[in-house]
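Report on the following structure.
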Amino acid sequence: MSLDQEIAIKSLISLAALAALLAGCQGYDPMPLDPEAHLQSWHERDPASESVVAYAARLAERDSRPRGKYDLRDGVSLPEAEVIALFFNPELRSARLHADAELAGAREAGRWEDPELSVDAMWIIDSIAHPWILGAGISFTIPFSGSPGVREDLAFAEHDVAIRSAIEREWEIVVELRQAWNEHAAVSERIALTQEYITQVEKVKQTADRLTAAGELTSLDARMFALELAARRAELLSLRADRRGLELTLRELLGLSPEAPLRLNTEIGAESALPADRPKLVQERSPLLAVKRAEYEVAEQQFRLEIHKQYPDLSIGPSYEIEEGQSRIGIGFGLPIPIINLNKEGIARSRAKRLAVRAEFEGELERLLHRLARAEARLEAAHEQHGFITKELAPLADEQVADAQRLAELGEFNAMVQLDALTRRFEARLQVLQATLTEAQAREEVLALLGPTFKPEPQENEDD
């Protein structure tokens, strides 16, 4: 066999080996955006579907607080709305998919470097029988430093940050939903109070109109009722617009379309006892602190990786060479000598970064405890104000209306007294409603800082 034939055969063998290696590579599959298909599926979302019902059951098992049965036939309650939001909210879906991407990467992290194939070819200018000098080799990196294992630990630590961030966003969505739920309920109650007040003023206005027609009351006095009614009806229009806006906000948080057939049974959250030892609960349950802990673990693993980078990795592999018709087989290796660089820059940066991330965790803990103290102070003040308005102001306003009605029944109708009494009672009821809302929102602020009562869904780990 001639040298040229030998070279051709060996080239074919090399190409075949390279083709076999490339056969293990993955292909590219395009996935273009399809807004129309997504909008159709968005409009078809069903909060009563089997998948949502199953999710509600799993959430109830993970929650230390009783959630009740998930049944939407009588409308949507707040616990049921929380299930829908956690299942359909688009921000949460995006956060979970980003966490899945980190998990997918972590599962492939820590692999050894691919072997490297090298080929050299030279032509001897002088006229000789075998002018070709050909060389080929393949080298493997043996990670004596242990870096691949550390890279894997780092990748899973970064995945944990993504998971904790998704859980933090879950809790933020739940808190936003609860606050918007209370606001919607308060606006609905204010509409009801305004409608009732308008009805009461209309009844008194009928009496005023009769007295005006009989000449016993001036038209100026009677006109006060018409002005008050017009003002309250205009306010009613504004309140209804506010309620519609809040309803759309709730539907957005739920991840449903504005036209989704859904009846929201909103009511202001009832007063409930807060758990004891709240500063400790903040440390144990705060999703934000969990994110900071995960970020600190990333800093730890990054520092550990930079330490391992000081140590050399061995490069080793066989080689084959043809020179002037003579074939040679050998083996080569390379080993960096860690006496100059020693990855000093990477170690210095990661050591300092670890201290900075540690300070971030400690600072966040301090801020959360300060926020808790302020929230508890606001809740206490709101509770005292609510109690005073309910027990002191509201009864006085009711007595004022009762006295005015008795005077009217005795024939002593005074337009100013009647309207003033009704207005004061209406405003007192609005103050009770506002105090109820303020206390409920202050309680939600405290509960938000304490963290979720439900545990996160079990996550796949690096061994799955």
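Chain labels A, B, ... are given in the sequence in which chains occur in the structure tokens; within each chain residues are numbered consecutively from 1, and ligands are likewise numbered from 1 in the order shown.
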Fewer than 2 positions away in the same chain doesn't count, so skip those; otherwise give me all residues within 10 Å of Gln283 of chain A, counting only C-alpha atoms, as an MDAnalysis selection string.
chainID A and resid 278:281 285:290 365 368:369 449:451
Among listed residues A:Asn182, A:Gln418, A:Asn89, A:Ser64, nearest Arg169 of chain A (using only C-alpha atoms):
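Distance minimum relative to Arg169 of chain A lands on A:Asn89.
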Atomic distance atom CA of Ala186 of chain A - atom CA of Leu437 of chain A, expressed in Å with one decimal:
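Going from atom CA of Ala186 of chain A over to atom CA of Leu437 of chain A, I get 6.7 Å.
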Filtered DSSP result for segment 169-368 of chain A, state strand (DSSP E), as a list of chain:residue names
A:Leu314, A:Ser315, A:Ile316, A:Gly317, A:Pro318, A:Ser319, A:Tyr320, A:Glu321, A:Ile322, A:Glu323, A:Gln326, A:Ser327, A:Arg328, A:Ile329, A:Gly330, A:Ile331, A:Gly332, A:Phe333, A:Gly334
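Distances to Gln434 of chain A were evaluated for A:His308, A:Arg367, A:Arg232, A:Arg190 using only C-alpha atoms, and the minimum falls at A:Arg190.
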So which residues touch Lys292 of chain A within 10 Å, counting only C-alpha atoms, skipping near sequence neighbours fewer than 2 positions away, as an NGL selection string?
:A and (161 or 164-165 or 287-290 or 294-298 or 357-362 or 364-365)
Generate the output file for the selected residues, C-alpha atoms, as an mmCIF file, in the first residue's frame.
data_model
loop_
_atom_site.group_PDB
_atom_site.id
_atom_site.type_symbol
_atom_site.label_atom_id
_atom_site.label_comp_id
_atom_site.auth_asym_id
_atom_site.auth_seq_id
_atom_site.Cartn_x
_atom_site.Cartn_y
_atom_site.Cartn_z
ATOM 1 C CA VAL A 161 -31.828 30.991 44.217
ATOM 2 C CA ARG A 164 -36.543 30.788 46.230
ATOM 3 C CA SER A 165 -37.129 33.850 44.059
ATOM 4 C CA PRO A 287 -39.295 34.162 51.520
ATOM 5 C CA LEU A 288 -37.026 37.179 51.086
ATOM 6 C CA LEU A 289 -34.626 35.878 53.722
ATOM 7 C CA ALA A 290 -34.731 32.473 52.034
ATOM 8 C CA ALA A 294 -29.626 30.934 48.830
ATOM 9 C CA GLU A 295 -27.594 33.818 47.407
ATOM 10 C CA TYR A 296 -25.098 33.426 50.243
ATOM 11 C CA GLU A 297 -24.766 29.722 49.426
ATOM 12 C CA VAL A 298 -23.963 30.690 45.820
ATOM 13 C CA VAL A 357 -23.580 38.917 50.359
ATOM 14 C CA ARG A 358 -23.376 37.997 54.043
ATOM 15 C CA ALA A 359 -23.863 41.664 54.924
ATOM 16 C CA GLU A 360 -26.865 41.785 52.552
ATOM 17 C CA PHE A 361 -28.507 38.915 54.449
ATOM 18 C CA GLU A 362 -27.822 40.490 57.837
ATOM 19 C CA GLU A 364 -32.233 42.394 55.199
ATOM 20 C CA LEU A 365 -32.931 40.642 58.493
#
Taking only C-alpha atoms into account, name the residue in A:Ala101, A:Ala377, A:Leu305, A:Leu256 that is nearest to Arg151 of chain A.
A:Leu305
Do a neighbour search on segment 384-400 of chain A at 8 Å with only C-alpha atoms, toss out local chain neighbours closer than 5 positions, and write the hits as a PyMOL selection string.
chain A and resi 421+424-425+428-429+431-432+435-436+439
Go ahead and save the residues from that selection, with N, CA and C atoms, as a compact mmCIF listing (two decimals), in the first residue's frame.
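Result went into out_18.txt, see below:
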# COMPACT_ATOMS: atom_id res chain seq x y z
N ALA A 421 -78.39 65.17 60.34
CA ALA A 421 -78.38 63.90 61.07
C ALA A 421 -78.08 62.72 60.14
N ARG A 424 -74.40 62.91 58.98
CA ARG A 424 -73.44 62.53 60.02
C ARG A 424 -73.43 61.02 60.23
N ARG A 425 -74.62 60.40 60.20
CA ARG A 425 -74.64 58.94 60.36
C ARG A 425 -73.96 58.25 59.17
N ALA A 428 -70.30 58.67 59.55
CA ALA A 428 -69.82 57.81 60.63
C ALA A 428 -69.69 56.36 60.15
N ARG A 429 -70.66 55.91 59.36
CA ARG A 429 -70.58 54.54 58.83
C ARG A 429 -69.42 54.40 57.85
N GLN A 431 -66.68 56.08 58.11
CA GLN A 431 -65.48 56.03 58.95
C GLN A 431 -65.29 54.65 59.56
N VAL A 432 -66.38 54.02 59.95
CA VAL A 432 -66.28 52.64 60.46
C VAL A 432 -65.73 51.72 59.37
N ALA A 435 -62.06 52.47 58.83
CA ALA A 435 -61.27 51.94 59.95
C ALA A 435 -61.15 50.42 59.86
N THR A 436 -62.24 49.77 59.44
CA THR A 436 -62.20 48.31 59.26
C THR A 436 -61.19 47.93 58.18
N GLU A 439 -57.54 48.59 59.41
CA GLU A 439 -57.08 47.54 60.32
C GLU A 439 -56.80 46.25 59.56
Backbone-only DSSP, alpha helix (DSSP H) members of segment 309-380 of chain A, as a ChimeraX atom specification
/A:344-380
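Counting only C-alpha atoms, segment 333-337 of chain A has the following residues at most 10 Å away, ignoring those fewer than 2 positions along the same chain: Ser139, Phe140, Thr141, Gln310, Tyr311, Pro312, Asp313, Leu314, Ser315, Ile316, Gly317, Pro318, Ile331, Ile339, Ile340, Asn341 and Leu342 of chain A.
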Can you write out the residues you just picked, keeping N, CA and C atoms, as an mmCIF file, in the first residue's frame?
data_model
loop_
_atom_site.group_PDB
_atom_site.id
_atom_site.type_symbol
_atom_site.label_atom_id
_atom_site.label_comp_id
_atom_site.auth_asym_id
_atom_site.auth_seq_id
_atom_site.Cartn_x
_atom_site.Cartn_y
_atom_site.Cartn_z
ATOM 1 N N SER A 139 -6.341 14.711 23.199
ATOM 2 C CA SER A 139 -5.978 14.945 24.604
ATOM 3 C C SER A 139 -7.231 15.018 25.467
ATOM 4 N N PHE A 140 -7.096 14.485 26.664
ATOM 5 C CA PHE A 140 -8.175 14.492 27.654
ATOM 6 C C PHE A 140 -7.713 15.274 28.871
ATOM 7 N N THR A 141 -8.666 15.971 29.490
ATOM 8 C CA THR A 141 -8.352 16.705 30.716
ATOM 9 C C THR A 141 -8.870 15.925 31.912
ATOM 10 N N GLN A 310 -6.988 26.855 41.955
ATOM 11 C CA GLN A 310 -5.554 26.960 42.187
ATOM 12 C C GLN A 310 -4.819 25.703 41.733
ATOM 13 N N TYR A 311 -5.501 24.582 41.846
ATOM 14 C CA TYR A 311 -4.843 23.304 41.626
ATOM 15 C C TYR A 311 -4.915 22.916 40.155
ATOM 16 N N PRO A 312 -3.880 22.265 39.639
ATOM 17 C CA PRO A 312 -3.824 21.995 38.199
ATOM 18 C C PRO A 312 -4.679 20.809 37.783
ATOM 19 N N ASP A 313 -5.088 20.830 36.527
ATOM 20 C CA ASP A 313 -5.748 19.694 35.887
ATOM 21 C C ASP A 313 -4.772 19.093 34.876
ATOM 22 N N LEU A 314 -4.742 17.790 34.811
ATOM 23 C CA LEU A 314 -3.814 17.088 33.934
ATOM 24 C C LEU A 314 -4.414 16.918 32.551
ATOM 25 N N SER A 315 -3.646 17.275 31.510
ATOM 26 C CA SER A 315 -4.019 17.023 30.124
ATOM 27 C C SER A 315 -3.163 15.877 29.615
ATOM 28 N N ILE A 316 -3.814 14.839 29.108
ATOM 29 C CA ILE A 316 -3.079 13.662 28.677
ATOM 30 C C ILE A 316 -3.772 13.048 27.476
ATOM 31 N N GLY A 317 -2.970 12.425 26.562
ATOM 32 C CA GLY A 317 -3.581 11.790 25.407
ATOM 33 C C GLY A 317 -2.552 11.193 24.475
ATOM 34 N N PRO A 318 -2.960 10.225 23.659
ATOM 35 C CA PRO A 318 -2.044 9.596 22.708
ATOM 36 C C PRO A 318 -1.883 10.463 21.460
ATOM 37 N N ILE A 331 2.663 9.365 23.580
ATOM 38 C CA ILE A 331 1.680 9.887 24.545
ATOM 39 C C ILE A 331 2.237 11.176 25.119
ATOM 40 N N ILE A 339 2.628 28.243 40.586
ATOM 41 C CA ILE A 339 3.588 28.963 41.434
ATOM 42 C C ILE A 339 3.519 30.484 41.237
ATOM 43 N N ILE A 340 2.788 30.955 40.195
ATOM 44 C CA ILE A 340 2.774 32.399 39.925
ATOM 45 C C ILE A 340 1.364 32.976 40.057
ATOM 46 N N ASN A 341 0.419 32.474 39.246
ATOM 47 C CA ASN A 341 -0.923 33.047 39.219
ATOM 48 C C ASN A 341 -1.723 32.633 40.446
ATOM 49 N N LEU A 342 -1.858 31.298 40.621
ATOM 50 C CA LEU A 342 -2.589 30.725 41.763
ATOM 51 C C LEU A 342 -4.016 31.266 41.882
#
Here is a test: counting only C-alpha atoms, which residue of A:Asp209, A:Ala440, A:Leu229, A:Pro30 is nearest to Glu380 of chain A?
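Smallest distance to Glu380 of chain A is found for A:Ala440.
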Determine, using only C-alpha atoms, which residues of segment 333-450 of chain A have any atom at most 8 Å from an atom of segment 192-203 of chain A, and tabulate each with its shortest atom pair and distance in Å to one decimal place, rows ordered by chain and then rising number, as a Markdown table.
| residue | atom | partner | partner_atom | distance |
| --- | --- | --- | --- | --- |
| A:Leu419 | CA | A:Val201 | CA | 7.3 |
| A:Leu422 | CA | A:Val201 | CA | 7.3 |
| A:Phe426 | CA | A:Tyr197 | CA | 6.5 |
| A:Arg429 | CA | A:Leu193 | CA | 7.8 |
| A:Leu430 | CA | A:Leu193 | CA | 7.7 |
Let me see the file: selected residues, C-alpha atoms, as a compact mmCIF listing (two decimals), in the first residue's frame.
# COMPACT_ATOMS: atom_id res chain seq x y z
CA LEU A 419 -80.17 66.36 56.54
CA LEU A 422 -78.53 61.62 58.03
CA PHE A 426 -73.60 58.20 56.77
CA ARG A 429 -70.58 54.54 58.83
CA LEU A 430 -68.02 55.41 56.19
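Relative to atom CA of Gly325 of chain A, atom CA of Pro131 of chain A is found at 8.3 Å.
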Coordinates-based distance that separates atom CA of Arg65 of chain A from atom CA of Ile167 of chain A (Å, one decimal)
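Atom-to-atom, atom CA of Ile167 of chain A to atom CA of Arg65 of chain A, that is 17.9 Å.
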